[in-house]
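See structure below.
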Amino acid sequence: MGSFGNLFRAEWLKIAGNRWVAGCLKWVFPILIFGFILLMAVILALSGAARESFQEGAAEEPYLWTEYALSTWNLPNNPIGRLVLLGFTAVVFAGEYQWKTWKNTVPRRHRVSLILIKFLALGVFVVVAFVSMSIIFAAGWGVLTEIAGVPYGPALSGDVLTDFAEDYLLQASQAFTSTIIAAGYAALAGMLTRSILGGVLVGVGITFLENLLILILALIGWFLGFYKIVHLYRLTPGYNLLNVNMWVTENHAQRVTMFEDSRHLIVMSDTLAFSLVVLAAWIVGLITLTVVLFQRQDITS
Amino acid sequence: MSETVAIRVESLSKTFGRRKKRRVEAVKRITLEVHTGQVYGFLGPNGAGKTTTIRMLLNLIHPTEGCAYIYGQNVQRNHSVLRRVGAIVEGAAFYNFLSGRRNLEVLARTANNYDPKRITALLEQVGLAGRAEHRVKGYSTGMKQRLGLAAALLSSPDLLILDEPTNGLDPSGMHEIRQFIRELADEHGKTVFLSSHLLSEVEQVCDRVAIINLGEIVREGAVTDLLEGKTQLRVEVSPADKAAQVLQEHWSLSTTMTLPAIPSPPIPSPTTAAVKQPGNSNARWLTVNASHDDAPHIVRHLVNHDIDVFQITSQRQSLEEYFLSVVREETERAAG
């Protein structure tokens with residue numbers, strides 16, 4: 001195994017070895033889905049009424065494995081899902097301060113590598129957890145349709161698989177981008193506060209502020225009479241993630257309008273390329289900032 | 001710089017805190033050199049700057065001024081030189097949720113030198129083979145310290161930096177580690193930079209020592225040189241307070257102890273028996289920093305001042321006594 005492979009394996013051992021954290025903050029999603037499917041299976045097997053209701057659901061809208069597999073990637077954007085991911089990231093980054101283990105690893109490797117590998121391991125962990133959740137959910141729902149005797153499409157074919165792979169990659173990329181940006185907040189906060197709780201709280205605070213930013217900017221613009229300040233919202237990850245999603249699903253820009261009933265009307269509508277560049281800048285910026293901060297930090301614990 | 005110098009520290013300083021009121025000068029322009037194959041003791045009271053210096057050597061803390069070199073390489077500019085170093089800093093700390101073996105695996109992989117056989121051998125060497133698969137959470141302080149030593153030795157380092165390595169160990173464990181450290185230097189040519197509170201330990205193990213106090217190196221040299229001619233006289237006197245006052249006019253005193261705390265003198269004598277009489281309850285031992293030749297002068301001086309002298313013995317000053325006298329002297333000097 002090469003130098004980088006060894007470093008990755010070391011980080012993986014730390015994350016996976018912390019069973020309580022990995023179990024509660026990461027494997028909780030696949031486990032919950034599995035538990036839900038199991039419970040549904042028992043109910044469907046035992047209750048005729050439940051089977052009927054399940055069949056009615058299928059009649060209204062056919063059950064498609066492609067939809068179930070894709071749906072799991074909505075979780076990282078859900079507030080609870082986001083909170084759990086922030087907690088997980090804070091443990092990965094700030095845990096080393098609380099366990100006083102940086103003093104063992106820093107003399108053994110360059111600080112840049114130690115931080116970059118954490119982001120990579122975190123990303124891989126997220127992908128593994130959510131892909132396994134997709135598989136469990138899609139396959140599990142198939143079992144439920146078998147029990148209830150309803151069709152479960154679409155049938156496997158080359159075209160279906162190609163389309164699905166394309167959609168899955170897009171959906172996963174968006175969720176992954178959003179996760180990595182949130183992780184960047186939590187990592188930065190965790191490194192600054194040198195505490196897991198601090199990382200989570202500041203990470204949640206930043207995410208909350210980002211969602212409120214458009215209102216804050218509008219109020220500032222209104223008070224100062226400098227309405228153009230609202231354009232800063234175009235640089236936020238939240239807006240650009242929405243815009244990318246709109247381009248991918250509807251093939252047009254996300255349109256955000258402000259001060260509609262006044263002569264100061266502001267319309268934000270950007271190209272896909274613009275949003276991709278802004279998101280890339282956020283990811284690179286947050287990771288770079290975390291690395292620079294760590295490079296300058298004194299490890300005193 | 002040749003390979004004969006393992007550590008060189010040049011005008012190294014560290015100031016914590018940016019605001020004037022909170023600013024603390026932990027280390028003040030210290031300079032020292034450790035030669036290869038030496039066991040070098042780094043002594044100082046709590047808060048003297050030992051651990052800060054060690055952290056700067058390991059590039060954990062950035063110096064405010066000055067440089068630290070290991071085998072001629074500036075540790076800040078050439079991080080890879082730290083691959084030749086194994087260290088325990090301020091007590092061993094590990095991932096409590098992992099086993100001892102897994103912890104060593106994580107560290108070995110981080111340093112890109114994972115070898116399961118070496119880990120097994122090290123675990124046996126430090127006496128943890130039987131508990132290797134247990135989580136560190138259940139380890140005692142001594143076991144963690146042993147694991148720390150195994151971690152420090154993982155990459156077969158040329159230089160070992162050990163901050164309080166015997167903390168939490170029982171006496172036999174401490175003895176083992178002392179022997180092990182000496183063996184590393186004598187038989188394997190390793191260099192050891194050892195910080196310890198246990199001065200008898202340092203005296204037994206180290207070739208050379210530096211004493212740091214209030215962030216400054218106040219003494220540095222070979223242990224034998226530092227203690228050469230440092231004899232002391234122990235005098236049993238009554239009344240002790242008056243004796244102390246009289247003696248301090250010409251000699252410095254090291255420690256005073258009440259009679260019951262004093263171990264019996266080496267040779268029992270009728271005088272000793274007399275000391276234990278209830279009537280001599282004011283008698284105390286005083287330790288005077290003076291040579292064997294001063295004994296008659298001291299006795300004469302005391303007697304001339306109507307002070308009873310029960311017995312007087314000479315002894316070589318221990319590193320501990322030397323350390324205490326140096327620290328006291330320097331602290332008084334710093335206080336003006």
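Labeling convention for the structure tokens: chains A, B, ... as they appear, residues from 1 per chain, ligands from 1 in order of appearance.
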
Just need the residues of chain A within 7 Å of chain B, counting only C-alpha atoms, so spit them out as an mmCIF file with all heavy atoms, in the first residue's frame.
```cif
data_model
loop_
_atom_site.group_PDB
_atom_site.id
_atom_site.type_symbol
_atom_site.label_atom_id
_atom_site.label_comp_id
_atom_site.auth_asym_id
_atom_site.auth_seq_id
_atom_site.Cartn_x
_atom_site.Cartn_y
_atom_site.Cartn_z
ATOM 1 N N SER A 3 1.987 5.415 0.244
ATOM 2 C CA SER A 3 1.980 6.348 1.368
ATOM 3 C C SER A 3 0.590 6.945 1.607
ATOM 4 O O SER A 3 0.105 7.005 2.739
ATOM 5 C CB SER A 3 2.997 7.453 1.061
ATOM 6 O OG SER A 3 2.797 8.543 1.876
ATOM 7 N N ASN A 6 -1.871 4.329 2.880
ATOM 8 C CA ASN A 6 -1.671 4.066 4.307
ATOM 9 C C ASN A 6 -2.328 5.152 5.157
ATOM 10 O O ASN A 6 -2.951 4.861 6.176
ATOM 11 C CB ASN A 6 -0.171 4.018 4.617
ATOM 12 C CG ASN A 6 0.347 2.593 4.654
ATOM 13 O OD1 ASN A 6 -0.350 1.685 5.095
ATOM 14 N ND2 ASN A 6 1.555 2.400 4.173
ATOM 15 N N LEU A 7 -2.158 6.387 4.705
ATOM 16 C CA LEU A 7 -2.733 7.507 5.461
ATOM 17 C C LEU A 7 -4.261 7.420 5.448
ATOM 18 O O LEU A 7 -4.925 7.650 6.464
ATOM 19 C CB LEU A 7 -2.259 8.840 4.852
ATOM 20 C CG LEU A 7 -2.609 10.101 5.631
ATOM 21 C CD1 LEU A 7 -2.048 10.053 7.039
ATOM 22 C CD2 LEU A 7 -2.060 11.340 4.923
ATOM 23 N N ALA A 10 -5.377 4.714 7.754
ATOM 24 C CA ALA A 10 -5.276 5.157 9.155
ATOM 25 C C ALA A 10 -6.506 5.991 9.531
ATOM 26 O O ALA A 10 -7.100 5.793 10.592
ATOM 27 C CB ALA A 10 -4.005 5.976 9.353
ATOM 28 N N LEU A 13 -9.574 3.775 9.779
ATOM 29 C CA LEU A 13 -9.574 2.988 11.029
ATOM 30 C C LEU A 13 -10.094 3.827 12.190
ATOM 31 O O LEU A 13 -10.830 3.338 13.048
ATOM 32 C CB LEU A 13 -8.159 2.509 11.358
ATOM 33 C CG LEU A 13 -7.615 1.327 10.561
ATOM 34 C CD1 LEU A 13 -6.136 1.119 10.873
ATOM 35 C CD2 LEU A 13 -8.391 0.053 10.889
ATOM 36 N N GLY A 17 -13.466 2.812 13.662
ATOM 37 C CA GLY A 17 -13.209 2.262 14.989
ATOM 38 C C GLY A 17 -13.982 2.959 16.087
ATOM 39 O O GLY A 17 -14.222 2.393 17.145
ATOM 40 N N ASN A 18 -14.361 4.193 15.835
ATOM 41 C CA ASN A 18 -15.157 4.933 16.808
ATOM 42 C C ASN A 18 -16.609 4.505 16.603
ATOM 43 O O ASN A 18 -17.423 5.225 16.022
ATOM 44 C CB ASN A 18 -14.978 6.435 16.572
ATOM 45 C CG ASN A 18 -15.416 7.253 17.755
ATOM 46 O OD1 ASN A 18 -16.058 6.742 18.684
ATOM 47 N ND2 ASN A 18 -15.090 8.531 17.737
ATOM 48 N N TRP A 99 -9.197 14.338 22.133
ATOM 49 C CA TRP A 99 -8.485 13.111 22.506
ATOM 50 C C TRP A 99 -6.992 13.375 22.704
ATOM 51 O O TRP A 99 -6.243 12.458 23.058
ATOM 52 C CB TRP A 99 -8.681 12.034 21.435
ATOM 53 C CG TRP A 99 -10.105 11.746 21.124
ATOM 54 C CD1 TRP A 99 -11.150 11.680 22.013
ATOM 55 C CD2 TRP A 99 -10.690 11.507 19.832
ATOM 56 N NE1 TRP A 99 -12.323 11.423 21.351
ATOM 57 C CE2 TRP A 99 -12.081 11.307 20.017
ATOM 58 C CE3 TRP A 99 -10.184 11.440 18.548
ATOM 59 C CZ2 TRP A 99 -12.955 11.051 18.959
ATOM 60 C CZ3 TRP A 99 -11.052 11.180 17.495
ATOM 61 C CH2 TRP A 99 -12.412 10.984 17.704
ATOM 62 N N LYS A 100 -6.543 14.597 22.370
ATOM 63 C CA LYS A 100 -5.127 14.998 22.489
ATOM 64 C C LYS A 100 -4.227 14.127 21.611
ATOM 65 O O LYS A 100 -3.106 13.763 22.022
ATOM 66 C CB LYS A 100 -4.662 14.935 23.949
ATOM 67 C CG LYS A 100 -5.462 15.847 24.843
ATOM 68 C CD LYS A 100 -4.970 15.788 26.249
ATOM 69 C CE LYS A 100 -5.758 16.798 27.079
ATOM 70 N NZ LYS A 100 -5.317 16.868 28.450
ATOM 71 N N THR A 101 -4.714 13.781 20.455
ATOM 72 C CA THR A 101 -3.961 12.860 19.599
ATOM 73 C C THR A 101 -3.221 13.561 18.452
ATOM 74 O O THR A 101 -2.437 12.912 17.761
ATOM 75 C CB THR A 101 -4.908 11.792 19.017
ATOM 76 O OG1 THR A 101 -6.140 12.417 18.658
ATOM 77 C CG2 THR A 101 -5.177 10.704 20.031
ATOM 78 N N LYS A 103 -0.834 15.469 18.783
ATOM 79 C CA LYS A 103 0.597 15.463 19.103
ATOM 80 C C LYS A 103 1.271 14.159 18.651
ATOM 81 O O LYS A 103 2.483 14.118 18.493
ATOM 82 C CB LYS A 103 0.810 15.697 20.598
ATOM 83 C CG LYS A 103 0.297 14.597 21.482
ATOM 84 C CD LYS A 103 0.435 14.973 22.938
ATOM 85 C CE LYS A 103 -0.149 13.889 23.821
ATOM 86 N NZ LYS A 103 -0.276 14.315 25.207
ATOM 87 N N THR A 105 0.186 12.469 15.746
ATOM 88 C CA THR A 105 0.158 12.375 14.284
ATOM 89 C C THR A 105 0.910 13.510 13.583
ATOM 90 O O THR A 105 1.528 13.282 12.551
ATOM 91 C CB THR A 105 -1.290 12.321 13.764
ATOM 92 O OG1 THR A 105 -2.032 13.394 14.354
ATOM 93 C CG2 THR A 105 -1.960 11.017 14.105
ATOM 94 N N VAL A 106 0.862 14.716 14.172
ATOM 95 C CA VAL A 106 1.497 15.860 13.489
ATOM 96 C C VAL A 106 3.003 15.646 13.240
ATOM 97 O O VAL A 106 3.478 15.929 12.140
ATOM 98 C CB VAL A 106 1.207 17.183 14.250
ATOM 99 C CG1 VAL A 106 2.098 18.315 13.772
ATOM 100 C CG2 VAL A 106 -0.261 17.565 14.062
ATOM 101 N N PRO A 107 3.773 15.121 14.208
ATOM 102 C CA PRO A 107 5.192 14.912 13.875
ATOM 103 C C PRO A 107 5.400 13.824 12.805
ATOM 104 O O PRO A 107 6.464 13.733 12.217
ATOM 105 C CB PRO A 107 5.810 14.463 15.212
ATOM 106 C CG PRO A 107 4.868 14.925 16.256
ATOM 107 C CD PRO A 107 3.509 14.829 15.623
ATOM 108 N N ARG A 108 4.380 13.005 12.567
ATOM 109 C CA ARG A 108 4.556 11.890 11.624
ATOM 110 C C ARG A 108 4.191 12.250 10.186
ATOM 111 O O ARG A 108 4.557 11.532 9.271
ATOM 112 C CB ARG A 108 3.700 10.696 12.085
ATOM 113 C CG ARG A 108 4.269 9.996 13.305
ATOM 114 C CD ARG A 108 3.397 8.845 13.738
ATOM 115 N NE ARG A 108 4.119 7.914 14.595
ATOM 116 C CZ ARG A 108 4.239 8.031 15.911
ATOM 117 N NH1 ARG A 108 3.670 9.054 16.517
ATOM 118 N NH2 ARG A 108 4.916 7.142 16.608
ATOM 119 N N ARG A 109 3.442 13.306 9.986
ATOM 120 C CA ARG A 109 3.011 13.682 8.636
ATOM 121 C C ARG A 109 2.879 15.191 8.512
ATOM 122 O O ARG A 109 2.616 15.870 9.499
ATOM 123 C CB ARG A 109 1.613 13.095 8.351
ATOM 124 C CG ARG A 109 1.601 11.721 7.779
ATOM 125 C CD ARG A 109 2.048 11.698 6.349
ATOM 126 N NE ARG A 109 2.139 10.301 5.966
ATOM 127 C CZ ARG A 109 1.834 9.838 4.773
ATOM 128 N NH1 ARG A 109 1.468 10.644 3.816
ATOM 129 N NH2 ARG A 109 1.937 8.550 4.521
ATOM 130 N N HIS A 110 2.945 15.673 7.268
ATOM 131 C CA HIS A 110 2.706 17.090 7.030
ATOM 132 C C HIS A 110 1.265 17.414 7.401
ATOM 133 O O HIS A 110 0.349 16.634 7.141
ATOM 134 C CB HIS A 110 2.935 17.423 5.563
ATOM 135 C CG HIS A 110 4.379 17.509 5.216
ATOM 136 N ND1 HIS A 110 5.137 18.593 5.562
ATOM 137 C CD2 HIS A 110 5.196 16.652 4.580
ATOM 138 C CE1 HIS A 110 6.382 18.388 5.154
ATOM 139 N NE2 HIS A 110 6.441 17.217 4.564
ATOM 140 N N ASP A 298 -0.923 26.291 16.972
ATOM 141 C CA ASP A 298 -0.048 25.629 17.950
ATOM 142 C C ASP A 298 -0.824 24.474 18.573
ATOM 143 O O ASP A 298 -1.939 24.668 19.047
ATOM 144 C CB ASP A 298 0.356 26.609 19.059
ATOM 145 C CG ASP A 298 1.427 27.585 18.612
ATOM 146 O OD1 ASP A 298 2.160 27.263 17.655
ATOM 147 O OD2 ASP A 298 1.514 28.676 19.210
ATOM 148 N N ILE A 299 -0.241 23.297 18.563
ATOM 149 C CA ILE A 299 -0.898 22.142 19.177
ATOM 150 C C ILE A 299 -0.438 22.105 20.632
ATOM 151 O O ILE A 299 0.668 21.658 20.931
ATOM 152 C CB ILE A 299 -0.518 20.824 18.451
ATOM 153 C CG1 ILE A 299 -0.738 20.942 16.946
ATOM 154 C CG2 ILE A 299 -1.275 19.640 19.035
ATOM 155 C CD1 ILE A 299 -2.146 21.119 16.487
#
```

I need the strand (DSSP E or B) residues of stretch 79-160 of chain B per DSSP on the backbone, written as a list in words.
Val85, Gly86, Ala87, Ile88, Ser99, Arg135, Leu159 and Leu160 of chain B

Between B:Gln245, B:Ser291, B:Gln179, B:Ser11, which one has atoms that come closest to B:Val205, using only C-alpha atoms?
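Distance minimum relative to B:Val205 lands on B:Gln179.
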
Using only C-alpha atoms for the distances, tell me which of A:Leu272, A:Pro62, A:Leu114, A:Phe88 is nearest to A:Asn251.
A:Leu272
